[in-house]
Amino acid sequence: SQKIEQNSEALNIQEGKTATLTCNYTNYSPAYLQWYRQDPGRGPVFLLLIRENEKEKRKERLKVTFDTTLKQSLFHITASQPADSATYLCALDMDSNYQLIWGAGTKLIIKP
Amino acid sequence: KAGVTQTPRYLIKTRGQQVTLSCSPISGHRSVSWYQQTPGQGLQFLFEYFSETQRNKGNFPGRFSGRQFSNSRSEMNVSTLELGDSALYLCASSFRLAGADTQYFGPGTRLTVL
């Protein structure tokens, strides 16, 4: 069956350390993979997009990797801050059926 | 540019009633997608509209319906509400012509069914 998995447990990280979140999928061949941030009671906000032929993408303190062989994306936040605390969602974009496939999200808690 | 707006923000209904939620996309965006989000669940796709046409539909019962107007504004309707319909309903807009579909979300409508 097709599925997309993210760490279901909350991730607790000490301020200043690097947070690494995982997104694994099976039986999909996405053209793109996207990461979003969601704060409580709000809609998700787009952070980064990576294409299937890209290995890595960076934006300020954020870095995303995409391994189509392992069917996995890693999302890193370096020099983490308490303001980075939120739920992070990954989404697969098949570029074919006008629908993103979403993971359930990982709650990240950065402790001061 | 104004963001995606959704109305109302909060709604309380009773079982059996029906509800209509509204979404105004970012100016110039012609694609509107609707999602249901419940605690611990990922975003569950309801449907997507582009230029007044439904291009894709998720796995929800026929009680959930939607439409899009010529100005790209969209509405979704849920008839005969059930307790399990209590959720945050999100709409997202995008260009979605070709290539990656980066979505811009509204703040959501929190629906509570009693």
# chains A, B, ... in the order shown; residues from 1 in each chain; ligands from 1
call {"tool": "interface_residues", "arguments": {"of": "chain A", "to": "chain B", "cutoff": "6 Å", "atoms": "only C-alpha atoms", "output": "MDAnalysis selection string"}}
result
chainID A and resid 42:43 102:104
call {"tool": "write_last_selection", "arguments": {"atoms": "N, CA, C and O atoms", "output": "PDB file, in the first residue's frame"}}
result
ATOM      1  N   ARG A  42      -3.410  27.190  13.114  1.00  0.00           N
ATOM      2  CA  ARG A  42      -3.146  27.928  11.862  1.00  0.00           C
ATOM      3  C   ARG A  42      -2.930  26.967  10.706  1.00  0.00           C
ATOM      4  O   ARG A  42      -2.711  25.773  10.891  1.00  0.00           O
ATOM      5  N   GLY A  43      -3.010  27.518   9.495  1.00  0.00           N
ATOM      6  CA  GLY A  43      -2.733  26.707   8.326  1.00  0.00           C
ATOM      7  C   GLY A  43      -1.239  26.526   8.130  1.00  0.00           C
ATOM      8  O   GLY A  43      -0.435  27.328   8.603  1.00  0.00           O
ATOM      9  N   TRP A 102       0.090  14.103   2.002  1.00  0.00           N
ATOM     10  CA  TRP A 102       0.670  14.686   3.215  1.00  0.00           C
ATOM     11  C   TRP A 102       1.008  13.640   4.269  1.00  0.00           C
ATOM     12  O   TRP A 102       0.256  12.668   4.483  1.00  0.00           O
ATOM     13  N   GLY A 103       2.119  13.875   4.961  1.00  0.00           N
ATOM     14  CA  GLY A 103       2.419  13.121   6.162  1.00  0.00           C
ATOM     15  C   GLY A 103       1.640  13.716   7.324  1.00  0.00           C
ATOM     16  O   GLY A 103       1.082  14.813   7.221  1.00  0.00           O
ATOM     17  N   ALA A 104       1.596  13.001   8.447  1.00  0.00           N
ATOM     18  CA  ALA A 104       0.835  13.461   9.616  1.00  0.00           C
ATOM     19  C   ALA A 104       1.579  14.538  10.395  1.00  0.00           C
ATOM     20  O   ALA A 104       0.991  15.187  11.259  1.00  0.00           O
TER      21      ALA A 104
END
call {"tool": "select_by_dssp", "arguments": {"residues": "chain A", "states": "strand (DSSP E or B)", "output": "PyMOL selection string"}}
result
chain A and resi 3-6+11-14+19-26+32-38+45-51+56-59+62-67+72-77+86-93+100-102+106-111
call {"tool": "residues_around", "arguments": {"residues": "Ser73 (chain A)", "least_positions_apart": "4", "cutoff": "8 Å", "atoms": "only C-alpha atoms", "output": "PyMOL selection string"}}
result
chain A and resi 22-24+33+64-67
call {"tool": "closest_residue", "arguments": {"among": "A:Gln2, A:Leu11, A:Gly41, A:Ser85", "to": "Tyr10 (chain B)", "atoms": "only C-alpha atoms"}}
result
A:Gly41
call {"tool": "residues_around", "arguments": {"residues": "Ser74 (chain B)", "least_positions_apart": "4", "cutoff": "6 Å", "atoms": "only C-alpha atoms", "output": "count of residues only"}}
result
4
call {"tool": "residues_around", "arguments": {"residues": "Ile101 (chain A)", "least_positions_apart": "3", "cutoff": "7 Å", "atoms": "only C-alpha atoms", "output": "MDAnalysis selection string"}}
result
chainID A and resid 91:93
call {"tool": "closest_residue", "arguments": {"among": "B:Arg30, B:Arg15, B:Arg73, B:Arg9", "to": "Leu114 (chain B)", "atoms": "only C-alpha atoms"}}
result
B:Arg15
call {"tool": "residues_around", "arguments": {"residues": "Glu15 (chain A)", "least_positions_apart": "6", "cutoff": "8 Å", "atoms": "only C-alpha atoms", "output": "list of chain:residue names"}}
result
A:Ala79, A:Ser80, A:Gln81, A:Pro82, A:Ile110, A:Lys111, A:Pro112
call {"tool": "write_last_selection", "arguments": {"atoms": "N, CA, C and O atoms", "output": "PDB file, in the first residue's frame"}}
result
ATOM      1  N   ALA A  79      21.234  25.364  14.439  1.00  0.00           N
ATOM      2  CA  ALA A  79      21.179  26.442  15.440  1.00  0.00           C
ATOM      3  C   ALA A  79      19.728  26.691  15.857  1.00  0.00           C
ATOM      4  O   ALA A  79      19.225  27.818  15.787  1.00  0.00           O
ATOM      5  N   SER A  80      19.049  25.632  16.260  1.00  0.00           N
ATOM      6  CA  SER A  80      17.611  25.713  16.539  1.00  0.00           C
ATOM      7  C   SER A  80      17.301  26.718  17.661  1.00  0.00           C
ATOM      8  O   SER A  80      18.107  26.943  18.573  1.00  0.00           O
ATOM      9  N   GLN A  81      16.100  27.291  17.553  1.00  0.00           N
ATOM     10  CA  GLN A  81      15.650  28.300  18.510  1.00  0.00           C
ATOM     11  C   GLN A  81      14.255  27.903  19.001  1.00  0.00           C
ATOM     12  O   GLN A  81      13.514  27.228  18.284  1.00  0.00           O
ATOM     13  N   PRO A  82      13.870  28.347  20.195  1.00  0.00           N
ATOM     14  CA  PRO A  82      12.515  28.035  20.686  1.00  0.00           C
ATOM     15  C   PRO A  82      11.421  28.445  19.705  1.00  0.00           C
ATOM     16  O   PRO A  82      10.388  27.778  19.613  1.00  0.00           O
ATOM     17  N   ILE A 110      11.678  22.906  20.819  1.00  0.00           N
ATOM     18  CA  ILE A 110      13.042  23.376  21.096  1.00  0.00           C
ATOM     19  C   ILE A 110      13.058  23.958  22.506  1.00  0.00           C
ATOM     20  O   ILE A 110      12.371  24.938  22.800  1.00  0.00           O
ATOM     21  N   LYS A 111      13.876  23.365  23.360  1.00  0.00           N
ATOM     22  CA  LYS A 111      13.913  23.783  24.760  1.00  0.00           C
ATOM     23  C   LYS A 111      15.045  24.784  24.985  1.00  0.00           C
ATOM     24  O   LYS A 111      16.168  24.543  24.547  1.00  0.00           O
ATOM     25  N   PRO A 112      14.757  25.885  25.679  1.00  0.00           N
ATOM     26  CA  PRO A 112      15.807  26.892  25.936  1.00  0.00           C
ATOM     27  C   PRO A 112      16.833  26.371  26.930  1.00  0.00           C
ATOM     28  O   PRO A 112      16.596  25.419  27.658  1.00  0.00           O
TER      29      PRO A 112
END
call {"tool": "residues_around", "arguments": {"residues": "Gly105 (chain A)", "least_positions_apart": "4", "cutoff": "6 Å", "atoms": "only C-alpha atoms", "output": "MDAnalysis selection string"}}
result
chainID A and resid 6 87:89
call {"tool": "atom_distance", "arguments": {"atom1": "CA of Lys71 (chain A)", "atom2": "CA of Lys3 (chain A)"}}
result
11.1 Å
